[in-house]
$ cat structure15.txt   # compact mmCIF, C-alpha atoms and all ligand atoms
# COMPACT_ATOMS: atom_id res chain seq x y z
CA MET A 1 4.38 88.41 -61.12
CA SER A 2 4.40 88.63 -57.36
CA GLU A 3 2.76 85.98 -55.21
CA PRO A 4 -0.42 86.98 -53.37
CA ALA A 5 0.20 87.74 -49.72
CA THR A 6 -2.46 85.32 -48.55
CA PRO A 7 -3.66 82.10 -50.14
CA ARG A 8 -6.89 82.39 -52.11
CA LEU A 9 -9.88 80.67 -50.54
CA SER A 10 -10.36 78.51 -53.61
CA ALA A 11 -6.77 77.29 -53.23
CA LEU A 12 -7.40 76.47 -49.57
CA VAL A 13 -10.56 74.59 -50.50
CA GLY A 14 -8.63 72.56 -53.03
CA GLN A 15 -5.82 71.77 -50.63
CA LEU A 16 -8.17 70.83 -47.82
CA ALA A 17 -10.38 68.71 -50.02
CA ALA A 18 -7.34 66.94 -51.45
CA SER A 19 -6.60 65.42 -48.07
CA SER A 20 -8.89 63.92 -45.48
CA ASP A 21 -6.14 64.48 -42.91
CA PRO A 22 -6.93 67.57 -40.81
CA ALA A 23 -3.20 67.88 -40.12
CA ALA A 24 -2.77 68.77 -43.80
CA THR A 25 -4.53 72.11 -43.26
CA PRO A 26 -2.34 74.84 -44.71
CA ALA A 27 -0.66 77.23 -42.33
CA GLY A 28 -2.74 80.35 -41.89
CA ALA A 29 -6.10 78.65 -42.48
CA ASP A 30 -7.34 79.03 -38.95
CA GLN A 31 -10.76 78.05 -37.67
CA ALA A 32 -12.34 81.29 -38.81
CA GLU A 33 -11.08 80.89 -42.34
CA ARG A 34 -12.26 77.30 -42.43
CA ALA A 35 -15.68 78.50 -41.28
CA VAL A 36 -15.76 80.89 -44.21
CA LEU A 37 -14.85 78.01 -46.49
CA LEU A 38 -17.67 75.93 -45.13
CA LEU A 39 -20.38 78.55 -44.99
CA GLY A 40 -19.51 80.98 -47.72
CA ALA A 41 -20.05 81.13 -51.43
CA PRO A 42 -17.37 79.77 -53.74
CA ALA A 43 -14.43 82.05 -54.28
CA LEU A 44 -14.05 84.02 -57.49
CA GLY A 45 -13.10 81.69 -60.26
CA GLU A 46 -15.19 78.83 -58.87
CA SER A 47 -17.79 78.98 -61.59
CA LEU A 48 -21.24 77.95 -60.48
CA ALA A 49 -22.44 78.38 -64.04
CA ALA A 50 -20.92 75.07 -65.00
CA PRO A 51 -22.77 72.23 -63.28
CA SER A 52 -19.55 70.27 -63.00
CA GLY A 53 -17.87 73.24 -61.25
CA ARG A 54 -20.76 73.50 -58.86
CA ARG A 55 -20.67 69.82 -58.10
CA VAL A 56 -16.93 70.01 -57.50
CA PHE A 57 -17.51 72.86 -55.09
CA LEU A 58 -20.25 70.98 -53.23
CA ALA A 59 -18.07 67.88 -53.11
CA ARG A 60 -15.24 69.95 -51.66
CA ALA A 61 -17.57 71.49 -49.11
CA SER A 62 -18.72 67.99 -48.15
CA ALA A 63 -15.13 66.86 -47.85
CA LEU A 64 -14.39 69.81 -45.57
CA SER A 65 -17.34 68.96 -43.34
CA LEU A 66 -15.92 65.49 -42.95
CA ALA A 67 -12.33 66.65 -42.62
CA ILE A 68 -13.06 68.97 -39.70
CA PRO A 69 -15.52 67.05 -37.55
CA GLY A 70 -17.25 69.07 -34.91
CA LEU A 71 -16.81 72.42 -36.60
CA GLY A 72 -20.38 72.45 -37.89
CA ALA A 73 -21.66 71.65 -34.43
CA ALA A 74 -19.48 74.38 -32.93
CA LEU A 75 -20.78 76.95 -35.38
CA ALA A 76 -24.36 75.91 -34.78
CA ALA A 77 -23.90 76.13 -31.04
CA CYS A 78 -22.79 79.74 -31.47
CA ALA A 79 -25.92 80.61 -33.40
CA PRO A 80 -28.53 82.61 -31.47
CA GLY A 81 -31.67 80.58 -31.12
CA SER A 82 -29.86 77.28 -31.41
CA SER A 83 -30.36 76.56 -27.72
CA GLY A 84 -33.96 75.70 -28.48
CA GLN A 85 -35.18 78.51 -26.26
CA SER A 86 -37.09 81.59 -27.24
CA ASP A 87 -36.96 84.57 -24.94
CA SER A 88 -39.54 86.80 -26.52
CA GLY A 89 -41.12 84.55 -29.06
CA GLN A 90 -39.90 86.87 -31.77
CA GLY A 91 -36.77 86.56 -33.80
CA ALA A 92 -35.71 83.30 -32.25
CA GLY A 93 -35.81 79.80 -33.58
CA ARG A 94 -37.88 77.50 -31.40
CA ALA A 95 -37.08 73.90 -30.93
CA GLY A 96 -39.33 71.45 -32.67
CA PRO A 97 -38.69 67.86 -33.61
CA GLY A 98 -35.32 67.95 -35.29
CA ALA A 99 -34.64 71.50 -34.18
CA ALA A 100 -31.15 72.77 -33.47
CA GLY A 101 -29.82 71.10 -30.41
CA SER A 102 -29.99 67.59 -31.73
CA ALA A 103 -26.92 66.07 -33.33
CA ASP A 104 -28.93 65.48 -36.49
CA SER A 105 -29.91 69.07 -37.03
CA LEU A 106 -26.42 70.32 -36.36
CA ARG A 107 -25.27 68.40 -39.37
CA HIS A 108 -27.66 70.12 -41.74
CA HIS A 109 -28.40 73.56 -40.37
CA ASN A 110 -26.02 75.00 -42.90
CA SER A 111 -27.21 75.36 -46.44
CA ASN A 112 -23.86 74.25 -47.80
CA SER A 113 -23.77 71.23 -45.53
CA ARG A 114 -23.18 67.67 -46.60
CA LEU A 115 -26.85 66.74 -46.29
CA ASP A 116 -27.96 69.61 -48.48
CA SER A 117 -25.38 68.78 -51.10
CA THR A 118 -26.98 65.36 -51.55
CA VAL A 119 -29.94 67.00 -53.26
CA LEU A 120 -28.88 66.34 -56.80
CA LYS A 121 -27.52 62.91 -55.97
CA ASN A 122 -30.95 61.95 -54.62
CA ALA A 123 -32.72 63.17 -57.71
CA PRO A 124 -32.92 60.76 -60.60
CA ARG A 125 -30.58 61.73 -63.44
CA GLY A 126 -28.85 64.41 -61.40
CA ASN A 127 -30.23 67.75 -62.57
CA SER A 128 -33.94 67.03 -62.42
CA SER A 129 -36.88 67.35 -60.05
CA ALA A 130 -38.18 63.95 -61.25
CA THR A 131 -38.43 62.15 -57.94
CA PRO A 132 -40.97 59.32 -57.73
CA ALA A 133 -43.49 61.30 -55.68
CA ALA A 134 -43.20 64.28 -58.04
CA THR A 135 -44.06 62.19 -61.07
CA GLN A 136 -46.45 59.47 -59.92
CA GLY A 137 -50.06 60.03 -60.90
CA ALA A 138 -49.17 62.89 -63.23
CA GLN A 139 -51.79 61.97 -65.82
CA SER A 140 -54.59 62.22 -63.31
CA ALA A 141 -53.44 65.58 -61.88
CA ALA A 142 -56.32 68.01 -62.43
CA PHE A 143 -55.93 71.61 -63.56
CA ARG A 144 -57.04 74.12 -60.98
CA ARG A 145 -57.02 77.87 -61.49
CA TYR A 146 -54.96 79.47 -58.75
CA ASP A 147 -57.32 81.88 -56.98
CA PRO A 148 -55.68 85.32 -57.19
CA ALA A 149 -57.92 86.90 -54.52
CA LEU A 150 -56.07 88.02 -51.40
CA PRO A 151 -57.42 85.76 -48.64
CA PRO A 152 -58.80 87.44 -45.51
CA ARG A 153 -56.42 88.06 -42.64
CA LEU A 154 -56.52 85.46 -39.95
CA PRO A 155 -58.12 86.90 -36.83
CA ARG A 156 -56.70 87.80 -33.45
CA GLY A 157 -53.29 88.85 -34.69
CA ARG A 158 -51.85 85.39 -34.44
CA VAL A 159 -51.16 83.21 -37.45
CA GLN A 160 -50.28 79.58 -36.86
CA LEU A 161 -49.17 77.64 -39.89
CA HIS A 162 -48.03 74.04 -40.13
CA TRP A 163 -46.98 73.25 -43.65
CA HIS A 164 -45.41 70.25 -45.34
CA ALA A 165 -42.69 70.14 -47.97
CA ARG A 166 -44.07 67.74 -50.55
CA GLU A 167 -43.31 66.49 -54.01
CA ALA A 168 -46.31 66.41 -56.31
CA PRO A 169 -47.21 66.54 -59.98
CA VAL A 170 -48.89 69.89 -60.71
CA ARG A 171 -50.92 70.48 -63.87
CA ILE A 172 -50.09 73.98 -65.07
CA SER A 173 -52.12 73.83 -68.30
CA LYS A 174 -54.34 71.47 -70.24
CA ASP A 175 -51.36 69.65 -71.72
CA THR A 176 -48.52 70.23 -69.22
CA VAL A 177 -47.88 68.61 -65.86
CA VAL A 178 -44.68 69.45 -63.98
CA ALA A 179 -42.81 67.40 -61.39
CA GLY A 180 -43.10 69.87 -58.53
CA TRP A 181 -41.25 70.30 -55.28
CA THR A 182 -43.83 72.19 -53.28
CA PHE A 183 -45.09 73.71 -50.09
CA GLU A 184 -48.48 72.12 -49.44
CA GLY A 185 -48.72 70.44 -52.83
CA ASP A 186 -49.13 73.49 -55.09
CA ILE A 187 -47.05 75.99 -57.04
CA PRO A 188 -46.96 78.63 -55.68
CA GLY A 189 -47.60 77.60 -52.08
CA PRO A 190 -50.51 79.13 -50.15
CA VAL A 191 -50.83 82.91 -49.79
CA VAL A 192 -50.28 84.08 -46.21
CA HIS A 193 -52.03 87.28 -45.17
CA CYS A 194 -51.27 89.01 -41.90
CA ARG A 195 -50.73 92.50 -40.58
CA VAL A 196 -47.73 94.42 -39.30
CA GLY A 197 -47.08 93.34 -35.72
CA ASP A 198 -49.01 90.08 -35.94
CA THR A 199 -47.33 86.96 -34.63
CA VAL A 200 -46.61 84.35 -37.26
CA GLU A 201 -45.79 80.96 -35.82
CA PHE A 202 -44.60 78.71 -38.58
CA THR A 203 -43.73 75.01 -38.68
CA LEU A 204 -42.37 73.17 -41.69
CA THR A 205 -42.39 69.37 -41.72
CA ASN A 206 -40.44 67.71 -44.50
CA ASP A 207 -42.25 64.69 -45.97
CA VAL A 208 -39.64 63.80 -48.56
CA ALA A 209 -36.08 62.53 -48.93
CA VAL A 210 -34.57 65.76 -50.23
CA PRO A 211 -33.85 68.27 -47.41
CA HIS A 212 -35.94 71.45 -47.46
CA SER A 213 -36.31 74.69 -45.50
CA MET A 214 -38.34 77.90 -45.33
CA ASP A 215 -37.15 81.48 -45.72
CA PHE A 216 -39.75 84.21 -45.14
CA HIS A 217 -38.65 87.58 -46.49
CA ALA A 218 -41.15 89.20 -44.11
CA ALA A 219 -39.15 87.94 -41.11
CA GLN A 220 -36.17 89.46 -39.38
CA ILE A 221 -34.68 86.43 -37.72
CA ASP A 222 -31.44 84.47 -37.43
CA PRO A 223 -31.50 82.55 -40.71
CA LYS A 224 -28.99 79.94 -39.64
CA ALA A 225 -31.40 78.71 -36.98
CA ALA A 226 -34.83 79.48 -38.41
CA PHE A 227 -34.20 78.88 -42.09
CA ARG A 228 -32.16 75.72 -41.65
CA SER A 229 -32.83 72.64 -43.72
CA VAL A 230 -34.64 69.66 -42.26
CA ALA A 231 -34.42 66.05 -43.32
CA LYS A 232 -37.32 63.73 -44.07
CA GLY A 233 -39.71 63.37 -41.15
CA GLN A 234 -38.23 66.33 -39.27
CA SER A 235 -39.67 69.75 -38.55
CA VAL A 236 -38.49 73.25 -37.89
CA THR A 237 -40.56 75.87 -36.05
CA PHE A 238 -39.95 79.58 -35.79
CA THR A 239 -41.90 82.67 -34.87
CA PHE A 240 -41.68 86.19 -36.24
CA ARG A 241 -43.58 89.48 -36.21
CA PRO A 242 -43.45 91.38 -39.51
CA LYS A 243 -42.27 94.94 -39.03
CA TRP A 244 -43.08 96.26 -42.48
CA ALA A 245 -46.10 96.14 -44.72
CA GLY A 246 -45.72 94.83 -48.22
CA ALA A 247 -45.75 91.85 -50.54
CA PHE A 248 -42.97 89.49 -49.58
CA MET A 249 -41.60 86.31 -51.05
CA TYR A 250 -41.13 83.09 -49.18
CA HIS A 251 -39.10 80.20 -50.50
CA CYS A 252 -37.09 77.13 -49.72
CA GLY A 253 -33.50 78.19 -49.08
CA THR A 254 -31.84 74.81 -49.24
CA ALA A 255 -28.80 74.59 -51.50
CA PRO A 256 -28.75 74.87 -54.38
CA VAL A 257 -31.43 77.53 -53.84
CA LEU A 258 -31.86 77.91 -57.59
CA MET A 259 -32.97 74.28 -57.86
CA HIS A 260 -35.41 74.52 -54.96
CA ILE A 261 -37.01 77.81 -56.02
CA GLY A 262 -36.84 76.74 -59.66
CA SER A 263 -38.74 73.52 -58.85
CA GLY A 264 -41.68 75.29 -57.23
CA MET A 265 -40.88 76.02 -53.59
CA TYR A 266 -42.05 79.63 -53.20
CA GLY A 267 -45.03 81.84 -52.56
CA ALA A 268 -46.26 85.15 -51.17
CA ILE A 269 -46.86 86.56 -47.72
CA VAL A 270 -48.81 89.81 -47.79
CA VAL A 271 -48.36 92.04 -44.76
CA SER A 272 -51.07 94.69 -44.56
CA PRO A 273 -50.30 97.90 -42.68
CA ARG A 274 -51.94 98.71 -39.33
CA GLU A 275 -53.49 101.77 -40.98
CA ALA A 276 -56.34 100.93 -43.31
CA LEU A 277 -55.54 101.33 -46.99
CA PRO A 278 -58.32 102.63 -49.26
CA PRO A 279 -61.00 99.97 -49.79
CA ALA A 280 -60.11 97.84 -52.81
CA LYS A 281 -60.45 94.51 -54.53
CA GLU A 282 -57.13 92.94 -53.62
CA PHE A 283 -55.25 90.34 -55.67
CA VAL A 284 -51.95 88.52 -55.33
CA LEU A 285 -49.77 87.73 -58.33
CA VAL A 286 -46.61 85.67 -57.94
CA GLN A 287 -44.50 85.69 -61.06
CA SER A 288 -42.07 82.83 -61.63
CA GLU A 289 -40.14 81.09 -64.37
CA PHE A 290 -40.41 77.43 -65.37
CA TYR A 291 -37.42 75.61 -66.83
CA LEU A 292 -38.55 72.20 -67.99
CA GLU A 293 -37.28 69.01 -69.53
CA GLU A 294 -39.12 67.30 -72.34
CA PRO A 295 -42.13 65.22 -71.19
CA GLN A 296 -41.44 61.75 -69.85
CA GLY A 297 -44.46 59.62 -69.11
CA GLY A 298 -46.72 62.65 -69.28
CA VAL A 299 -44.78 64.84 -66.88
CA ARG A 300 -42.11 67.51 -67.37
CA PRO A 301 -39.48 67.62 -64.63
CA PHE A 302 -37.74 70.87 -63.75
CA ASP A 303 -34.30 71.12 -65.33
CA TYR A 304 -31.45 72.55 -63.25
CA SER A 305 -29.10 73.01 -66.22
CA LYS A 306 -31.78 75.05 -67.96
CA MET A 307 -32.28 77.15 -64.81
CA LEU A 308 -28.58 78.01 -65.04
CA SER A 309 -29.02 78.93 -68.70
CA THR A 310 -31.76 81.42 -67.58
CA LEU A 311 -33.84 80.77 -70.71
CA PRO A 312 -37.27 79.75 -69.38
CA ASP A 313 -39.98 77.74 -71.13
CA PHE A 314 -42.74 79.61 -69.30
CA VAL A 315 -42.98 82.79 -67.26
CA VAL A 316 -46.21 82.75 -65.32
CA PHE A 317 -48.45 84.44 -62.79
CA ASN A 318 -49.47 82.14 -59.95
CA GLY A 319 -47.96 79.02 -61.43
CA ARG A 320 -49.92 78.59 -64.66
CA PRO A 321 -49.18 80.22 -68.03
CA ASN A 322 -52.04 82.40 -69.33
CA GLN A 323 -54.51 81.17 -66.71
CA TYR A 324 -56.10 84.61 -66.31
CA VAL A 325 -56.45 84.95 -70.07
CA ASP A 326 -58.62 81.85 -70.00
CA GLU A 327 -60.40 82.85 -66.78
CA PRO A 328 -59.90 86.58 -66.22
CA ILE A 329 -59.92 88.53 -62.98
CA ARG A 330 -63.26 90.35 -62.86
CA VAL A 331 -64.15 93.62 -61.11
CA LYS A 332 -66.69 96.41 -61.59
CA VAL A 333 -66.42 100.00 -62.78
CA GLY A 334 -65.63 102.16 -59.78
CA ASP A 335 -63.63 99.47 -58.02
CA ARG A 336 -60.15 100.23 -56.80
CA VAL A 337 -57.87 97.28 -57.56
CA ARG A 338 -54.78 96.52 -55.52
CA PHE A 339 -52.25 94.06 -56.91
CA TRP A 340 -49.71 92.64 -54.48
CA VAL A 341 -47.04 91.45 -56.89
CA VAL A 342 -44.27 89.13 -55.75
CA ASN A 343 -41.54 88.06 -58.09
CA ALA A 344 -40.27 84.62 -57.10
CA GLY A 345 -37.92 84.54 -60.08
CA PRO A 346 -35.65 82.71 -59.71
CA THR A 347 -33.82 85.02 -62.13
CA HIS A 348 -35.80 87.54 -64.18
CA PRO A 349 -37.63 90.78 -63.30
CA CYS A 350 -41.38 91.30 -63.50
CA ASN A 351 -42.02 94.56 -65.37
CA PHE A 352 -45.60 94.96 -64.26
CA HIS A 353 -47.99 96.90 -66.46
CA VAL A 354 -51.72 97.07 -67.15
CA VAL A 355 -52.53 97.84 -70.79
CA GLY A 356 -54.94 100.77 -71.09
CA GLU A 357 -54.55 101.77 -67.46
CA GLN A 358 -52.18 103.62 -65.17
CA PHE A 359 -51.40 102.94 -61.55
CA ASP A 360 -52.58 106.00 -59.69
CA THR A 361 -50.59 104.77 -56.72
CA MET A 362 -47.61 102.50 -56.34
CA TYR A 363 -45.77 102.16 -53.09
CA LEU A 364 -42.03 102.39 -53.40
CA GLY A 365 -41.63 100.96 -49.91
CA ALA A 366 -44.06 99.79 -47.27
CA PRO A 367 -47.65 100.97 -47.83
CA PRO A 368 -49.04 103.49 -47.04
CA GLY A 369 -45.71 105.34 -46.99
CA THR A 370 -43.78 106.48 -50.05
CA PRO A 371 -46.57 106.38 -52.61
CA ILE A 372 -45.69 107.43 -56.11
CA ARG A 373 -48.30 108.49 -58.64
CA GLY A 374 -49.02 107.94 -62.28
CA VAL A 375 -46.92 104.85 -62.89
CA GLN A 376 -47.13 102.97 -66.18
CA THR A 377 -44.67 100.10 -65.56
CA TRP A 378 -42.46 99.13 -62.66
CA GLY A 379 -39.92 96.35 -62.35
CA VAL A 380 -40.30 94.00 -59.42
CA ALA A 381 -36.95 92.37 -58.77
CA PRO A 382 -36.58 88.62 -58.28
CA GLY A 383 -36.97 88.10 -54.56
CA GLY A 384 -38.99 91.31 -54.27
CA GLY A 385 -42.59 92.40 -54.00
CA MET A 386 -44.53 95.61 -54.61
CA CYS A 387 -48.02 97.00 -54.26
CA PHE A 388 -49.81 98.54 -57.27
CA GLU A 389 -53.18 100.31 -57.23
CA LEU A 390 -55.46 101.53 -59.95
CA LEU A 391 -58.98 102.90 -60.06
CA CYS A 392 -61.12 101.08 -62.60
CA ASP A 393 -63.15 103.99 -63.95
CA VAL A 394 -63.40 102.63 -67.50
CA ALA A 395 -65.16 99.41 -68.48
CA GLY A 396 -63.25 96.98 -70.67
CA GLU A 397 -60.75 94.16 -70.88
CA PHE A 398 -57.33 95.25 -69.66
CA PRO A 399 -54.35 92.89 -70.13
CA PHE A 400 -51.98 92.87 -67.18
CA VAL A 401 -48.57 91.82 -68.36
CA ASN A 402 -44.91 91.50 -67.79
CA HIS A 403 -43.96 94.25 -70.25
CA GLY A 404 -40.66 92.50 -70.82
CA PHE A 405 -42.57 90.91 -73.66
CA GLY A 406 -40.25 88.00 -74.28
CA HIS A 407 -41.53 86.87 -70.89
CA GLY A 408 -45.07 88.19 -71.23
CA GLN A 409 -45.30 86.07 -74.37
CA LYS A 410 -44.25 82.99 -72.39
CA GLY A 411 -47.29 83.18 -70.13
CA ALA A 412 -46.95 86.19 -67.80
CA ILE A 413 -50.16 87.77 -69.01
CA GLY A 414 -53.80 87.89 -67.92
CA PHE A 415 -56.96 89.93 -68.24
CA LEU A 416 -58.51 92.30 -65.77
CA VAL A 417 -62.11 92.56 -66.93
CA VAL A 418 -63.92 95.66 -65.68
CA GLY A 419 -67.64 95.18 -65.95
CA ALA A 420 -70.06 98.05 -66.32
CU CU B 501 -36.41 72.79 -50.91
$ encode --input "structure15.txt" --output "structure tokens"
Amino acid sequence: MSEPATPRLSALVGQLAASSDPAATPAGADQAERAVLLLGAPALGESLAAPSGRRVFLARASALSLAIPGLGAALAACAPGSSGQSDSGQGAGRAGPGAAGSADSLRHHNSNSRLDSTVLKNAPRGNSSATPAATQGAQSAAFRRYDPALPPRLPRGRVQLHWHAREAPVRISKDTVVAGWTFEGDIPGPVVHCRVGDTVEFTLTNDVAVPHSMDFHAAQIDPKAAFRSVAKGQSVTFTFRPKWAGAFMYHCGTAPVLMHIGSGMYGAIVVSPREALPPAKEFVLVQSEFYLEEPQGGVRPFDYSKMLSTLPDFVVFNGRPNQYVDEPIRVKVGDRVRFWVVNAGPTHPCNFHVVGEQFDTMYLGAPPGTPIRGVQTWGVAPGGGMCFELLCDVAGEFPFVNHGFGHGQKGAIGFLVVGA
């Protein structure tokens, strides 16, 4: 067998991590290649499926960060928006406390950085969301139905949000409390509603020891600056103007993203078009999967190993299994209903369907463009969002489900009750 012409990245990672001496860098691994090693995904053959393989990779990435001091800072300095200045207010990270520009932030702007890779080390027992703040007071956590109604748009075309990354126990049913990593204390986080062209000025302050970040899918922005992770007590601020209408996911993007999304850090931003859509009762459904450990002290932590297995305990709309079976969504005959469906995943599709109904309109892209008619079921991909409309011209109780019934059966089901 002939030797490969260039060394494989995984081999370079291994060689670099094996020595803390920068002089041991193999010939041919120039700065650019090292940057790829630091920022990129593991090479083929570096299995992330095995937790030990992932930890080895993160450990190697950490070793590289230490072995090549200054490289992270150099990369961050090259990033647009990292100067802490915003020319137009759109598409540029803006300096806040802990924003790029400080030595601290330069160490953790990168989602594979050393600080981010401490996530699982900080968590008790390694693969779990069971931090003290996420578990304390679990028994007294009250159940609250997540209101599916689309909130009104904030006025004047300018949305200012200052959210906190928090750990909190969240009661998802009468007998289940989960150890949540959250935006604003709930799973999902709050629904944001704006309009195409509005200005969204967003600040995230991290209240907890594990680093966190925010990634809005409705934004077109330099992710290295705006979506960077921030340590406890620090903040990141960025501003964007959504260009497209639709239902978009937001989530924490700190590595390992699976752990942060899987532990509750996600939600929906609905961007209405400038043109008015037909009048309707509008609802937001965020589907997600819950991978949980057995209860300990009345709380079930999220389980990273189970997330990797992709076999969830619950699949839910708006963070609680079957909540709209127990307390349905109610409308009247003659109402048009518009569902903005976001699939936060982290892994499985949402095959959205309303039993006994058809969607007269579903928008393949941004509403009101590209409508398609007469849809029975449509798959919303993890990380995606779509807009479904139906006219409720028949009274009755209509289950809305994930028609992938292995997942519908695990809690992704509710009732749309159409009253006469
Ligand atoms: Cu996070």
$ residues_near_ligand --input "structure15.txt" --ligand "ligand CU 501 (chain B)" --cutoff "10 Å" --atoms "all atoms listed in the file" --output "compact mmCIF listing (two decimals) with C-alpha atoms, in the coordinates of the input"
# COMPACT_ATOMS: atom_id res chain seq x y z
CA ASP A 116 -27.96 69.61 -48.48
CA VAL A 119 -29.94 67.00 -53.26
CA ALA A 165 -42.69 70.14 -47.97
CA ARG A 166 -44.07 67.74 -50.55
CA GLU A 167 -43.31 66.49 -54.01
CA TRP A 181 -41.25 70.30 -55.28
CA THR A 182 -43.83 72.19 -53.28
CA PHE A 183 -45.09 73.71 -50.09
CA ASN A 206 -40.44 67.71 -44.50
CA VAL A 208 -39.64 63.80 -48.56
CA VAL A 210 -34.57 65.76 -50.23
CA PRO A 211 -33.85 68.27 -47.41
CA HIS A 212 -35.94 71.45 -47.46
CA SER A 213 -36.31 74.69 -45.50
CA MET A 214 -38.34 77.90 -45.33
CA SER A 229 -32.83 72.64 -43.72
CA VAL A 230 -34.64 69.66 -42.26
CA HIS A 251 -39.10 80.20 -50.50
CA CYS A 252 -37.09 77.13 -49.72
CA GLY A 253 -33.50 78.19 -49.08
CA THR A 254 -31.84 74.81 -49.24
CA ALA A 255 -28.80 74.59 -51.50
CA PRO A 256 -28.75 74.87 -54.38
CA VAL A 257 -31.43 77.53 -53.84
CA LEU A 258 -31.86 77.91 -57.59
CA MET A 259 -32.97 74.28 -57.86
CA HIS A 260 -35.41 74.52 -54.96
CA ILE A 261 -37.01 77.81 -56.02
CA GLY A 262 -36.84 76.74 -59.66
CA SER A 263 -38.74 73.52 -58.85
CA GLY A 264 -41.68 75.29 -57.23
CA MET A 265 -40.88 76.02 -53.59
CA TYR A 266 -42.05 79.63 -53.20
$ atom_distance --input "structure15.txt" --atom1 "atom CA of Pro152 of chain A" --atom2 "atom CA of Thr205 of chain A"
24.7 Å
$ residues_near_point --input "structure15.txt" --point "(-56.9, 93.5, -64.4)" --cutoff "9 Å" --atoms "all atoms listed in the file" --output "number ranges by chain"
A: 328-331, 337, 339, 354-355, 392, 397-400, 414-418
$ axis_aligned_box --input "structure15.txt" --around "segment 264-272 of chain A" --padding-each-side "6 Å" --output "AutoDock Vina command-line options"
--center_x -46.0 --center_y 85.0 --center_z -50.9 --size_x 22.2 --size_y 31.4 --size_z 24.7
$ atom_distance --input "structure15.txt" --atom1 "atom CA of Thr135 of chain A" --atom2 "atom CA of Trp163 of chain A"
20.8 Å
$ residues_around --input "structure15.txt" --residues "segment 370-381 of chain A" --least-positions-apart "2" --cutoff "12 Å" --atoms "only C-alpha atoms" --output "PyMOL selection string"
chain A and resi 245-249+277+285-288+340-368+383-391+400-404
$ atom_distance --input "structure15.txt" --atom1 "atom CA of Gly319 of chain A" --atom2 "atom CA of Thr237 of chain A"
26.6 Å
$ residues_around --input "structure15.txt" --residues "Tyr146 of chain A" --least-positions-apart "5" --cutoff "12 Å" --atoms "only C-alpha atoms" --output "number ranges by chain"
A: 170-173, 186-191, 267, 283-286, 316-324, 327-329
$ closest_residue --input "structure15.txt" --among "A:Lys332, A:Tyr250, A:Val299, A:Asp313" --to "Ala280 of chain A" --atoms "only C-alpha atoms"
A:Lys332
$ closest_residue --input "structure15.txt" --among "A:Pro273, A:Gly396, A:Pro382, A:Pro312" --to "Lys410 of chain A" --atoms "only C-alpha atoms"
A:Pro312
